[in-house]
>>> print(open('query-v3.csv').read())   # CSV, C-alpha atoms
chain,number,residue,atom,x,y,z
O,280,MET,CA,-84.9,58.9,114.8
O,281,ASP,CA,-84.3,56.2,112.2
O,282,ASP,CA,-81.5,53.7,111.8
O,283,GLU,CA,-78.2,55.1,110.8
O,284,GLN,CA,-75.9,52.7,109.0
O,285,GLN,CA,-72.2,52.9,109.1
O,286,GLN,CA,-70.7,54.9,106.2
O,287,PRO,CA,-68.8,52.6,103.9
O,288,GLY,CA,-65.4,54.2,104.4
O,289,ARG,CA,-65.4,54.2,108.1
O,290,GLN,CA,-63.0,51.8,109.9
O,291,PRO,CA,-63.5,49.9,113.1
O,292,ASP,CA,-60.7,51.8,114.8
O,293,GLN,CA,-63.3,54.5,115.4
O,294,GLY,CA,-65.0,52.3,117.9
O,295,PRO,CA,-65.6,48.7,119.1
O,296,LEU,CA,-69.3,48.9,118.2
O,297,ALA,CA,-68.8,49.4,114.5
O,298,GLY,CA,-71.0,47.1,112.6
O,299,PHE,CA,-73.6,46.7,115.4
O,300,THR,CA,-77.0,48.2,115.7
O,301,VAL,CA,-78.3,49.2,119.2
O,302,GLY,CA,-81.9,50.0,120.1
O,303,VAL,CA,-82.4,52.8,122.6
O,304,THR,CA,-85.7,52.8,124.5
O,305,ALA,CA,-85.0,55.8,126.7
O,306,ALA,CA,-87.0,59.1,126.6
O,307,ARG,CA,-84.9,61.1,129.1
O,308,ARG,CA,-81.2,61.5,128.2
O,309,ALA,CA,-81.7,59.5,125.0
O,310,ASP,CA,-79.5,62.0,123.1
O,311,GLU,CA,-76.6,61.5,125.5
O,312,LEU,CA,-76.9,57.7,125.3
O,313,THR,CA,-77.2,57.8,121.5
O,314,ALA,CA,-74.1,60.1,121.2
O,315,LEU,CA,-72.0,57.7,123.4
O,316,LEU,CA,-73.0,54.7,121.2
O,317,ARG,CA,-72.3,56.4,117.9
O,318,ARG,CA,-69.0,57.7,119.2
O,319,ARG,CA,-68.0,54.1,119.5
O,320,GLY,CA,-69.2,53.2,116.0
O,321,ALA,CA,-72.7,51.8,116.6
O,322,ALA,CA,-75.7,52.4,114.5
O,323,VAL,CA,-78.6,53.5,116.7
O,324,GLN,CA,-82.4,52.9,116.4
O,325,HIS,CA,-84.2,55.2,118.9
O,326,ALA,CA,-87.7,54.5,120.0
O,327,PRO,CA,-88.8,56.1,123.3
O,328,ALA,CA,-91.0,53.5,125.0
O,329,LEU,CA,-92.5,56.2,127.3
O,330,ARG,CA,-92.7,59.9,127.8
O,331,ILE,CA,-92.4,61.6,131.1
O,332,VAL,CA,-95.1,64.1,132.0
O,333,PRO,CA,-94.4,66.7,134.7
O,334,LEU,CA,-97.2,67.1,137.2
O,335,ALA,CA,-96.7,70.8,137.9
O,336,ASP,CA,-100.4,71.4,137.2
O,337,ASP,CA,-101.5,68.1,138.8
O,338,GLY,CA,-103.7,68.4,141.9
O,339,GLU,CA,-102.2,65.2,143.2
O,340,LEU,CA,-98.7,66.6,143.6
O,341,LEU,CA,-100.1,70.0,144.9
O,342,ALA,CA,-102.2,68.2,147.5
O,343,ALA,CA,-99.2,66.1,148.7
O,344,THR,CA,-97.0,69.1,148.9
O,345,LYS,CA,-99.6,71.1,151.0
O,346,GLU,CA,-100.1,68.0,153.2
O,347,LEU,CA,-96.3,67.8,154.0
O,348,ILE,CA,-96.1,71.6,154.7
O,349,ASP,CA,-99.1,71.4,157.0
O,350,HIS,CA,-98.1,68.1,158.7
O,351,VAL,CA,-94.3,67.8,158.6
O,352,PRO,CA,-93.1,64.2,158.1
O,353,ASP,CA,-90.4,62.5,160.1
O,354,VAL,CA,-88.5,61.2,157.1
O,355,VAL,CA,-88.3,62.2,153.4
O,356,VAL,CA,-86.8,59.9,150.8
O,357,ALA,CA,-85.5,61.5,147.7
O,358,THR,CA,-85.3,58.8,145.0
O,359,THR,CA,-84.1,60.6,141.8
O,360,ALA,CA,-82.3,63.9,141.1
O,361,ILE,CA,-84.6,65.0,138.3
O,362,GLY,CA,-87.7,64.1,140.5
O,363,PHE,CA,-86.5,66.1,143.5
O,364,ARG,CA,-85.6,69.1,141.4
O,365,GLY,CA,-89.0,68.9,139.7
O,366,TRP,CA,-90.8,68.8,143.0
O,367,VAL,CA,-89.0,71.9,144.3
O,368,GLU,CA,-89.6,73.7,141.0
O,369,ALA,CA,-93.3,72.9,141.0
O,370,ALA,CA,-93.6,74.1,144.6
O,371,ASP,CA,-91.9,77.4,143.6
O,372,GLY,CA,-94.4,77.7,140.8
O,373,TRP,CA,-97.2,77.5,143.3
O,374,GLY,CA,-95.5,80.0,145.7
O,375,LEU,CA,-94.8,77.2,148.2
O,376,GLY,CA,-91.1,76.6,147.5
O,377,GLU,CA,-89.7,78.4,150.6
O,378,GLN,CA,-92.2,76.7,152.9
O,379,LEU,CA,-91.4,73.3,151.5
O,380,LEU,CA,-87.7,73.8,151.9
O,381,ASP,CA,-88.2,75.1,155.4
O,382,ARG,CA,-90.1,72.0,156.4
O,383,LEU,CA,-87.5,69.7,154.7
O,384,ARG,CA,-84.7,71.3,156.8
O,385,GLY,CA,-86.1,69.8,159.9
O,386,VAL,CA,-86.6,66.2,158.8
O,387,GLU,CA,-84.4,63.1,158.3
O,388,LEU,CA,-83.7,63.5,154.6
O,389,LEU,CA,-82.4,60.4,152.8
O,390,ALA,CA,-81.0,60.6,149.3
O,391,ARG,CA,-80.7,57.6,147.0
O,392,GLY,CA,-77.2,58.0,145.5
O,393,PRO,CA,-74.8,60.8,144.6
O,394,LYS,CA,-76.9,62.4,141.9
O,395,VAL,CA,-79.8,62.7,144.2
O,396,LYS,CA,-77.5,64.0,146.9
O,397,GLY,CA,-76.2,66.7,144.5
O,398,ALA,CA,-79.8,67.8,143.7
O,399,VAL,CA,-80.6,68.0,147.4
O,400,ARG,CA,-77.6,70.1,148.2
O,401,ALA,CA,-78.3,72.4,145.2
O,402,THR,CA,-81.5,73.5,147.0
O,403,GLY,CA,-79.5,74.4,150.1
O,404,LEU,CA,-80.5,71.3,152.0
O,405,THR,CA,-78.2,68.6,153.4
O,406,GLU,CA,-79.1,64.9,153.4
O,407,GLU,CA,-78.7,62.9,156.6
O,408,TRP,CA,-77.6,59.7,154.8
O,409,SER,CA,-77.1,58.3,151.3
O,410,PRO,CA,-76.4,54.6,150.4
O,411,ALA,CA,-73.2,53.5,148.9
O,412,GLY,CA,-74.9,51.2,146.4
O,413,GLU,CA,-77.6,53.6,145.2
O,414,SER,CA,-80.3,51.1,145.8
O,415,MET,CA,-83.8,51.5,147.3
O,416,ALA,CA,-83.2,48.2,149.1
O,417,GLU,CA,-80.4,49.8,151.1
O,418,VAL,CA,-82.7,52.8,152.0
O,419,LEU,CA,-85.4,50.4,153.1
O,420,ASP,CA,-83.0,48.3,155.2
O,421,ARG,CA,-81.8,51.5,157.0
O,422,LEU,CA,-85.3,52.7,157.7
O,423,LEU,CA,-86.5,49.3,159.0
O,424,ALA,CA,-83.4,48.9,161.1
O,425,GLU,CA,-83.9,52.3,162.9
O,426,GLY,CA,-87.7,51.6,163.2
O,427,VAL,CA,-90.6,53.3,161.4
O,428,ASP,CA,-93.5,52.3,163.6
O,429,GLY,CA,-95.7,55.4,164.1
O,430,ARG,CA,-93.4,57.6,161.9
O,431,ARG,CA,-94.5,59.6,158.8
O,432,VAL,CA,-92.3,58.8,155.8
O,433,ALA,CA,-92.7,60.9,152.6
O,434,VAL,CA,-91.4,59.1,149.4
O,435,GLN,CA,-90.7,61.1,146.3
O,436,LEU,CA,-91.8,59.0,143.4
O,437,HIS,CA,-90.5,59.2,139.8
O,438,GLY,CA,-92.9,57.7,137.3
O,439,GLU,CA,-93.5,54.5,139.2
O,440,PRO,CA,-95.2,53.7,142.5
O,441,LEU,CA,-92.4,51.6,144.2
O,442,PRO,CA,-95.0,49.2,145.6
O,443,GLY,CA,-92.6,46.8,147.4
O,444,PHE,CA,-90.8,49.7,149.1
O,445,VAL,CA,-94.0,51.4,150.2
O,446,GLU,CA,-95.7,48.2,151.3
O,447,ALA,CA,-92.7,47.2,153.4
O,448,LEU,CA,-92.7,50.5,155.3
O,449,ARG,CA,-96.5,50.3,155.9
O,450,ALA,CA,-96.2,46.7,157.1
O,451,ALA,CA,-93.6,48.0,159.6
O,452,GLY,CA,-96.1,50.6,161.0
O,453,ALA,CA,-95.1,53.7,159.0
O,454,GLU,CA,-97.5,56.2,157.6
O,455,VAL,CA,-96.3,56.6,154.0
O,456,VAL,CA,-97.0,59.8,152.0
O,457,PRO,CA,-96.3,59.3,148.3
O,458,VAL,CA,-95.1,62.4,146.4
O,459,PRO,CA,-95.8,61.7,142.7
O,460,VAL,CA,-93.5,64.2,140.8
O,461,TYR,CA,-93.7,62.7,137.4
O,462,ARG,CA,-96.0,60.3,135.6
O,463,TRP,CA,-95.0,57.8,132.8
O,464,MET,CA,-97.3,58.0,129.8
O,465,PRO,CA,-97.3,56.1,126.5
O,466,PRO,CA,-95.4,57.8,123.7
O,467,GLU,CA,-97.5,60.2,121.6
O,468,ASP,CA,-96.2,58.5,118.4
O,469,ILE,CA,-96.1,54.7,118.8
O,470,GLY,CA,-94.6,54.2,115.3
O,471,PRO,CA,-90.9,54.1,116.4
O,472,VAL,CA,-91.7,51.6,119.1
O,473,ASP,CA,-93.4,49.3,116.6
O,474,ARG,CA,-90.5,49.6,114.2
O,475,LEU,CA,-88.1,48.7,117.0
O,476,LEU,CA,-90.1,45.7,117.9
O,477,ASP,CA,-90.2,44.6,114.2
O,478,ALA,CA,-86.4,45.0,114.2
O,479,VAL,CA,-86.0,42.9,117.3
O,480,VAL,CA,-88.1,40.1,115.8
O,481,ALA,CA,-86.1,40.3,112.5
O,482,ARG,CA,-82.8,40.3,114.5
O,483,ALA,CA,-82.0,43.6,112.8
O,484,VAL,CA,-80.7,45.0,116.1
O,485,ASP,CA,-78.0,43.4,118.2
O,486,ALA,CA,-78.9,44.9,121.5
O,487,LEU,CA,-81.6,46.8,123.3
O,488,THR,CA,-80.8,49.3,126.0
O,489,PHE,CA,-83.1,50.1,128.9
O,490,THR,CA,-82.6,52.9,131.5
O,491,SER,CA,-85.9,52.5,133.4
O,492,ALA,CA,-88.1,49.7,134.5
O,493,PRO,CA,-91.3,51.4,133.2
O,494,ALA,CA,-89.8,51.6,129.7
O,495,ALA,CA,-89.0,47.9,129.7
O,496,ALA,CA,-92.5,47.1,130.9
O,497,SER,CA,-94.0,49.4,128.3
O,498,LEU,CA,-92.1,47.8,125.4
O,499,LEU,CA,-93.2,44.3,126.5
O,500,SER,CA,-96.8,45.5,126.9
O,501,ARG,CA,-96.8,46.9,123.3
O,502,ALA,CA,-95.3,43.6,122.1
O,503,GLU,CA,-98.3,41.8,123.8
O,504,ASP,CA,-100.8,44.2,122.2
O,505,ARG,CA,-99.4,43.4,118.8
O,506,GLY,CA,-99.3,39.7,119.4
O,507,LEU,CA,-95.5,39.6,119.1
O,508,ILE,CA,-94.5,38.9,122.7
O,509,GLY,CA,-93.5,35.3,122.0
O,510,GLU,CA,-91.3,36.3,119.1
O,511,VAL,CA,-89.8,39.3,121.0
O,512,LEU,CA,-88.9,37.1,124.0
O,513,ALA,CA,-87.4,34.5,121.8
O,514,ALA,CA,-85.2,37.1,120.1
O,515,LEU,CA,-84.2,38.6,123.5
O,516,GLY,CA,-83.4,35.0,124.7
O,517,HIS,CA,-80.9,34.2,122.0
O,518,ASP,CA,-79.9,36.9,119.5
O,519,VAL,CA,-80.7,40.3,120.9
O,520,LEU,CA,-78.8,41.4,124.0
O,521,ALA,CA,-80.9,43.1,126.7
O,522,ALA,CA,-78.7,45.7,128.4
O,523,CYS,CA,-80.1,47.4,131.5
O,524,VAL,CA,-78.6,50.3,133.4
O,525,GLY,CA,-79.2,48.6,136.8
O,526,PRO,CA,-81.1,45.7,138.5
O,527,VAL,CA,-84.3,47.6,139.1
O,528,THR,CA,-84.6,48.4,135.4
O,529,ALA,CA,-84.1,44.7,134.6
O,530,LEU,CA,-86.9,43.4,136.7
O,531,PRO,CA,-89.7,43.5,134.1
O,532,LEU,CA,-87.5,41.6,131.6
O,533,GLN,CA,-86.3,39.1,134.2
O,534,ALA,CA,-89.9,38.4,135.2
O,535,ARG,CA,-90.4,37.2,131.6
O,536,GLY,CA,-87.4,35.0,131.8
O,537,VAL,CA,-85.0,37.3,129.8
O,538,ASP,CA,-81.4,37.3,130.9
O,539,THR,CA,-79.9,40.8,131.1
O,540,VAL,CA,-76.5,42.3,131.5
O,541,GLN,CA,-75.9,45.3,133.8
O,542,PRO,CA,-72.8,47.4,134.5
O,543,GLU,CA,-71.4,47.5,138.0
O,544,ARG,CA,-72.0,51.3,138.2
O,545,PHE,CA,-75.6,52.3,137.2
O,546,ARG,CA,-74.6,55.0,134.7
O,547,LEU,CA,-74.9,55.5,131.0
O,548,GLY,CA,-71.1,55.5,130.4
O,549,PRO,CA,-70.6,52.1,132.1
O,550,LEU,CA,-73.6,50.8,130.2
O,551,VAL,CA,-72.0,51.7,126.9
O,552,GLN,CA,-68.7,50.3,128.0
O,553,LEU,CA,-70.4,47.0,128.8
O,554,LEU,CA,-71.9,46.8,125.3
O,555,CYS,CA,-68.4,47.5,123.9
O,556,GLN,CA,-67.3,44.3,125.7
O,557,GLU,CA,-70.3,42.1,125.2
O,558,LEU,CA,-71.3,42.6,121.6
O,559,PRO,CA,-67.8,41.9,120.0
O,560,ASN,CA,-67.5,38.9,122.2
O,561,ARG,CA,-70.8,37.6,120.9
O,562,ALA,CA,-69.8,38.1,117.2
O,563,ARG,CA,-69.0,35.0,115.2
O,564,ALA,CA,-65.4,34.9,114.0
O,565,LEU,CA,-64.2,32.3,111.4
O,566,PRO,CA,-61.0,31.6,109.5
O,567,VAL,CA,-62.1,31.7,105.9
O,568,ALA,CA,-59.9,31.4,102.7
O,569,GLY,CA,-56.9,32.7,104.6
O,570,HIS,CA,-58.8,35.7,106.1
O,571,ARG,CA,-60.3,36.3,109.6
O,572,VAL,CA,-64.1,37.0,109.1
O,573,GLU,CA,-66.1,38.4,112.0
O,574,ILE,CA,-69.8,38.6,111.4
O,575,ARG,CA,-71.5,41.5,113.2
O,576,GLY,CA,-75.0,42.9,113.1
O,577,HIS,CA,-75.1,44.9,109.8
O,578,ALA,CA,-71.5,44.5,108.7
O,579,VAL,CA,-68.5,42.1,108.5
O,580,LEU,CA,-64.9,42.6,109.6
O,581,VAL,CA,-62.6,41.1,107.1
O,582,ASP,CA,-59.1,41.1,108.6
O,583,GLY,CA,-60.1,44.0,110.8
O,584,GLU,CA,-61.6,46.1,107.9
O,585,LEU,CA,-65.3,47.0,108.2
O,586,LYS,CA,-67.4,45.9,105.3
O,587,PRO,CA,-71.1,47.1,105.4
O,588,VAL,CA,-73.4,44.4,104.0
O,589,PRO,CA,-77.0,44.8,102.7
O,590,PRO,CA,-79.6,43.0,104.9
O,591,ALA,CA,-80.2,40.3,102.4
O,592,GLY,CA,-76.5,39.6,102.2
O,593,MET,CA,-76.3,39.4,106.0
O,594,SER,CA,-79.1,36.8,106.0
O,595,LEU,CA,-77.2,34.7,103.5
O,596,LEU,CA,-73.9,35.0,105.4
O,597,ARG,CA,-75.5,34.1,108.7
O,598,THR,CA,-77.1,31.0,107.2
O,599,LEU,CA,-73.8,29.9,105.7
O,600,ALA,CA,-72.0,30.6,109.0
O,601,ARG,CA,-74.2,28.2,110.9
O,602,ARG,CA,-72.5,25.4,109.1
O,603,PRO,CA,-69.1,26.8,108.0
O,604,GLY,CA,-67.5,24.7,105.3
O,605,TRP,CA,-70.7,22.8,104.5
O,606,VAL,CA,-72.7,23.3,101.3
O,607,VAL,CA,-76.0,25.1,101.8
O,608,SER,CA,-78.6,24.6,99.1
O,609,ARG,CA,-80.1,27.5,97.2
O,610,ALA,CA,-83.5,26.4,98.5
O,611,GLU,CA,-82.4,26.8,102.1
O,612,LEU,CA,-80.7,30.1,101.3
O,613,LEU,CA,-83.9,31.3,99.6
O,614,ARG,CA,-85.9,30.6,102.8
O,615,ALA,CA,-83.4,32.8,104.7
O,616,LEU,CA,-84.1,35.8,102.4
O,617,PRO,CA,-86.9,38.1,103.7
O,618,GLY,CA,-89.8,38.4,101.3
O,619,SER,CA,-87.9,36.7,98.4
O,620,GLY,CA,-90.7,34.5,97.2
O,621,ARG,CA,-89.9,31.2,95.3
O,622,ASP,CA,-87.4,32.4,92.6
O,623,GLU,CA,-84.0,31.0,93.4
O,624,HIS,CA,-82.5,33.7,91.1
O,625,ALA,CA,-83.0,36.0,94.1
O,626,VAL,CA,-80.3,34.0,95.9
O,627,GLU,CA,-77.9,34.5,93.0
O,628,THR,CA,-78.5,38.3,93.0
O,629,ALA,CA,-78.2,38.6,96.8
O,630,MET,CA,-75.0,36.5,96.7
O,631,ALA,CA,-73.4,38.6,94.0
O,632,ARG,CA,-74.1,41.7,96.1
O,633,LEU,CA,-72.7,40.0,99.2
O,634,ARG,CA,-69.5,39.1,97.5
O,635,THR,CA,-69.1,42.6,96.2
O,636,ALA,CA,-69.7,44.1,99.7
O,637,LEU,CA,-67.1,41.7,101.2
O,638,GLY,CA,-64.6,42.7,98.6
O,639,THR,CA,-63.1,39.2,98.7
O,640,PRO,CA,-65.0,36.9,96.4
O,641,LYS,CA,-63.2,33.7,97.3
O,642,LEU,CA,-64.7,33.8,100.8
O,643,ILE,CA,-67.8,32.1,99.4
O,644,GLN,CA,-67.5,29.2,97.0
O,645,THR,CA,-70.2,28.2,94.5
O,646,VAL,CA,-70.7,24.4,94.4
O,647,VAL,CA,-72.2,23.7,91.0
O,648,LYS,CA,-75.8,22.3,91.1
O,649,ARG,CA,-75.7,22.1,94.9
O,650,GLY,CA,-75.4,25.6,96.4
O,651,TYR,CA,-72.8,27.7,98.2
O,652,ARG,CA,-70.3,27.2,101.1
O,653,LEU,CA,-68.0,29.4,103.2
O,654,ALA,CA,-64.4,28.5,102.2
O,655,LEU,CA,-63.4,27.5,105.7
O,656,ASP,CA,-59.7,27.0,106.1
O,657,PRO,CA,-58.7,23.3,106.1
O,658,ALA,CA,-57.1,23.6,109.5
O,659,ALA,CA,-60.5,24.7,110.9
O,660,ASP,CA,-62.5,21.9,109.3
O,661,ALA,CA,-62.3,19.5,112.2
O,662,LYS,CA,-63.2,22.2,114.7
O,663,TYR,CA,-66.4,23.1,112.9
O,664,ALA,CA,-67.3,19.7,111.4
O,665,ASP,CA,-70.2,19.1,113.9
O,666,THR,CA,-71.4,22.8,113.9
>>> encode(input="query-v3.csv", output="structure tokens")
Amino acid sequence: MDDEQQQPGRQPDQGPLAGFTVGVTAARRADELTALLRRRGAAVQHAPALRIVPLADDGELLAATKELIDHVPDVVVATTAIGFRGWVEAADGWGLGEQLLDRLRGVELLARGPKVKGAVRATGLTEEWSPAGESMAEVLDRLLAEGVDGRRVAVQLHGEPLPGFVEALRAAGAEVVPVPVYRWMPPEDIGPVDRLLDAVVARAVDALTFTSAPAAASLLSRAEDRGLIGEVLAALGHDVLAACVGPVTALPLQARGVDTVQPERFRLGPLVQLLCQELPNRARALPVAGHRVEIRGHAVLVDGELKPVPPAGMSLLRTLARRPGWVVSRAELLRALPGSGRDEHAVETAMARLRTALGTPKLIQTVVKRGYRLALDPAADAKYADT
């Protein structure tokens, strides 16, 4: 799915994310996340960093299921709703569904969060306990507190091995049986991921959203493969907001020194609401020629009216805004234009288009033989003099 820019006639009252571009790395529920973002005015660039491969035909899952039917565990930990449903559906396909459910009725069944609890109950089972905070750390604390020495604990996995969780149980004396319901694989088409990485480096996206730790790790791995990891981390460190659905998802980014934001509730809706707060707060707002100018990702708000701006124009405007009120030379502006070469006439052409897009020509002043400047209001000169 390619970028979709705001339509020129659309106004910011349609949503707080108008003028911003958000990258979506999710494979599962990407359509839902994209719809939520667009409903609030954002342009979206979708690049699934992974694909989820069901293991219904995988001998590993079949073997684990038979093992649990033949040797009933003491505890079963259901970690994700889609994973638990997938496990039961796969067992049904093998003719083992009823046997599996019969065995699970007699064990201590722990469900990580309300969605997992709903999936468990949809099969006719009842969980013994579910943590309020939906974290695996809470599940681990409960198991260790009640004691697992000599007990068999089956852990339903979902694309990742949960090494810290499993190792802690084994260290406490448990026999752990992993149940690998899904496997993460690289996307079949790596092109969208590469285009998203290029957009991150070029600061053509304002935020990246992550809904799983493997997706975050996969994106960083691809950046390393392409020799872009330093540039990607620099962008995420300053200009591109990394928004994660929860703390587990954020771990691969935080391990690289990237600061992330996360909603209090680990859901897509709160994640989008968080972006609605964070991105406008990060936008640069300046009093220019009697107008309020707010510089967003691919557009500008002039007195609250959205003005889509071509990429070259946004590059010029950001360069001028770094030193509002100060004259910026054509040579410096030329360096800000992507692929413009050495002809300063490219600056004049891009500047003319920028002024047309803004619809208020006096916002940018031409200083003869010197360059251009943002017409910062006199009252604001002192505030921005040292910018």
>>> closest_residue(input="query-v3.csv", among="O:Glu406, O:Glu467, O:Asp473, O:Glu510", to="Leu383 (chain O)", atoms="all atoms listed in the file")
O:Glu406
>>> atom_distance(input="query-v3.csv", atom1="CA of Gly650 (chain O)", atom2="CA of Pro566 (chain O)")
20.4 Å
>>> residues_around(input="query-v3.csv", residues="Ala600 (chain O)", least_positions_apart="5", cutoff="12 Å", atoms="all atoms listed in the file", output="list in words")
Ala562, Arg563, Ala564, Leu565, Pro566, Val567, Val572, Glu573, Ile574, Arg575, Met593, Ser594, Leu595, Trp605, Val606, Val607, Leu612, Leu642, Ile643, Tyr651, Arg652, Leu653, Ala654, Leu655, Tyr663 and Thr666 of chain O
>>> write_last_selection(input="query-v3.csv", atoms="C-alpha atoms", output="compact mmCIF listing (two decimals), keeping the file's coordinate frame")
# COMPACT_ATOMS: atom_id res chain seq x y z
CA ALA O 562 -69.80 38.10 117.20
CA ARG O 563 -69.00 35.00 115.20
CA ALA O 564 -65.40 34.90 114.00
CA LEU O 565 -64.20 32.30 111.40
CA PRO O 566 -61.00 31.60 109.50
CA VAL O 567 -62.10 31.70 105.90
CA VAL O 572 -64.10 37.00 109.10
CA GLU O 573 -66.10 38.40 112.00
CA ILE O 574 -69.80 38.60 111.40
CA ARG O 575 -71.50 41.50 113.20
CA MET O 593 -76.30 39.40 106.00
CA SER O 594 -79.10 36.80 106.00
CA LEU O 595 -77.20 34.70 103.50
CA TRP O 605 -70.70 22.80 104.50
CA VAL O 606 -72.70 23.30 101.30
CA VAL O 607 -76.00 25.10 101.80
CA LEU O 612 -80.70 30.10 101.30
CA LEU O 642 -64.70 33.80 100.80
CA ILE O 643 -67.80 32.10 99.40
CA TYR O 651 -72.80 27.70 98.20
CA ARG O 652 -70.30 27.20 101.10
CA LEU O 653 -68.00 29.40 103.20
CA ALA O 654 -64.40 28.50 102.20
CA LEU O 655 -63.40 27.50 105.70
CA TYR O 663 -66.40 23.10 112.90
CA THR O 666 -71.40 22.80 113.90
>>> residues_near_point(input="query-v3.csv", point="(-83.2, 43.9, 136.0)", cutoff="12 Å", atoms="all atoms listed in the file", output="number ranges by chain")
O: 488-496, 521-542, 545
>>> atom_distance(input="query-v3.csv", atom1="CA of Val427 (chain O)", atom2="CA of Ser414 (chain O)")
18.8 Å
>>> atom_distance(input="query-v3.csv", atom1="CA of Leu476 (chain O)", atom2="CA of Ala328 (chain O)")
10.6 Å
>>> residues_near_point(input="query-v3.csv", point="(-67.2, 42.4, 106.7)", cutoff="8 Å", atoms="all atoms listed in the file", output="count of residues only")
15
>>> residues_around(input="query-v3.csv", residues="Ser608 (chain O)", least_positions_apart="6", cutoff="12 Å", atoms="all atoms listed in the file", output="NGL selection string")
:O and (595 or 598-599 or 602 or 614-615 or 623 or 626-627 or 645-652)
>>> closest_atom_pairs(input="query-v3.csv", of="region 413-494 of chain O", to="region 339-352 of chain O", cutoff="10 Å", atoms="all atoms listed in the file", output="tab-separated table")
residue	atom	partner	partner_atom	distance
O:Arg430	CA	O:Pro352	CA	7.6
O:Arg431	CA	O:Pro352	CA	4.9
O:Val432	CA	O:Pro352	CA	5.9
O:Ala433	CA	O:Pro352	CA	6.4
O:Glu454	CA	O:Pro352	CA	9.1
O:Val455	CA	O:Pro352	CA	9.2
O:Val456	CA	O:Ala343	CA	7.4
O:Pro457	CA	O:Ala343	CA	7.4
O:Val458	CA	O:Ala343	CA	6.0
O:Pro459	CA	O:Leu340	CA	5.8
O:Val460	CA	O:Leu340	CA	6.4
O:Tyr461	CA	O:Leu340	CA	8.9
>>> write_last_selection(input="query-v3.csv", atoms="C-alpha atoms", output="PDB file, in the frame of the given file")
ATOM      1  CA  ARG O 430     -93.400  57.600 161.900  1.00  0.00           C
ATOM      2  CA  ARG O 431     -94.500  59.600 158.800  1.00  0.00           C
ATOM      3  CA  VAL O 432     -92.300  58.800 155.800  1.00  0.00           C
ATOM      4  CA  ALA O 433     -92.700  60.900 152.600  1.00  0.00           C
ATOM      5  CA  GLU O 454     -97.500  56.200 157.600  1.00  0.00           C
ATOM      6  CA  VAL O 455     -96.300  56.600 154.000  1.00  0.00           C
ATOM      7  CA  VAL O 456     -97.000  59.800 152.000  1.00  0.00           C
ATOM      8  CA  PRO O 457     -96.300  59.300 148.300  1.00  0.00           C
ATOM      9  CA  VAL O 458     -95.100  62.400 146.400  1.00  0.00           C
ATOM     10  CA  PRO O 459     -95.800  61.700 142.700  1.00  0.00           C
ATOM     11  CA  VAL O 460     -93.500  64.200 140.800  1.00  0.00           C
ATOM     12  CA  TYR O 461     -93.700  62.700 137.400  1.00  0.00           C
TER      13      TYR O 461
END
>>> residues_around(input="query-v3.csv", residues="Leu520 (chain O)", least_positions_apart="5", cutoff="10 Å", atoms="all atoms listed in the file", output="list in words")
Val301, Gly302, Val479, Val484, Asp485, Ala486, Leu487, Thr488, Ala514, Leu515, Val537, Asp538, Thr539, Val540, Leu554, Glu557, Leu558 and Arg561 of chain O
>>> write_last_selection(input="query-v3.csv", atoms="C-alpha atoms", output="JSON list (two decimals), keeping the file's coordinate frame")
[["chain", "number", "residue", "atom", "x", "y", "z"],
["O", 301, "VAL", "CA", -78.30, 49.20, 119.20],
["O", 302, "GLY", "CA", -81.90, 50.00, 120.10],
["O", 479, "VAL", "CA", -86.00, 42.90, 117.30],
["O", 484, "VAL", "CA", -80.70, 45.00, 116.10],
["O", 485, "ASP", "CA", -78.00, 43.40, 118.20],
["O", 486, "ALA", "CA", -78.90, 44.90, 121.50],
["O", 487, "LEU", "CA", -81.60, 46.80, 123.30],
["O", 488, "THR", "CA", -80.80, 49.30, 126.00],
["O", 514, "ALA", "CA", -85.20, 37.10, 120.10],
["O", 515, "LEU", "CA", -84.20, 38.60, 123.50],
["O", 537, "VAL", "CA", -85.00, 37.30, 129.80],
["O", 538, "ASP", "CA", -81.40, 37.30, 130.90],
["O", 539, "THR", "CA", -79.90, 40.80, 131.10],
["O", 540, "VAL", "CA", -76.50, 42.30, 131.50],
["O", 554, "LEU", "CA", -71.90, 46.80, 125.30],
["O", 557, "GLU", "CA", -70.30, 42.10, 125.20],
["O", 558, "LEU", "CA", -71.30, 42.60, 121.60],
["O", 561, "ARG", "CA", -70.80, 37.60, 120.90]]
>>> closest_residue(input="query-v3.csv", among="O:Leu375, O:Leu498, O:Met415, O:Ala629", to="Gly392 (chain O)", atoms="only C-alpha atoms")
O:Met415
>>> residues_around(input="query-v3.csv", residues="Val332 (chain O)", least_positions_apart="4", cutoff="7 Å", atoms="only C-alpha atoms", output="compact mmCIF listing (two decimals) with C-alpha atoms, keeping the file's coordinate frame")
# COMPACT_ATOMS: atom_id res chain seq x y z
CA TYR O 461 -93.70 62.70 137.40
CA ARG O 462 -96.00 60.30 135.60
CA TRP O 463 -95.00 57.80 132.80
CA MET O 464 -97.30 58.00 129.80
>>> residues_around(input="query-v3.csv", residues="Ala326 (chain O)", least_positions_apart="4", cutoff="7 Å", atoms="all atoms listed in the file", output="ChimeraX atom specification")
/O:303-304,471-472,475
>>> closest_residue(input="query-v3.csv", among="O:Val323, O:Leu547, O:Val434, O:Met630", to="Phe363 (chain O)", atoms="all atoms listed in the file")
O:Val434
>>> closest_residue(input="query-v3.csv", among="O:Ala322, O:Ile361, O:Val355, O:Ala398", to="Arg308 (chain O)", atoms="only C-alpha atoms")
O:Ile361
>>> closest_residue(input="query-v3.csv", among="O:Ser409, O:Arg364, O:Leu419, O:Asp337", to="Arg449 (chain O)", atoms="only C-alpha atoms")
O:Leu419
>>> closest_residue(input="query-v3.csv", among="O:Val418, O:Ala360, O:Ile331, O:Ala297", to="Leu316 (chain O)", atoms="only C-alpha atoms")
O:Ala297
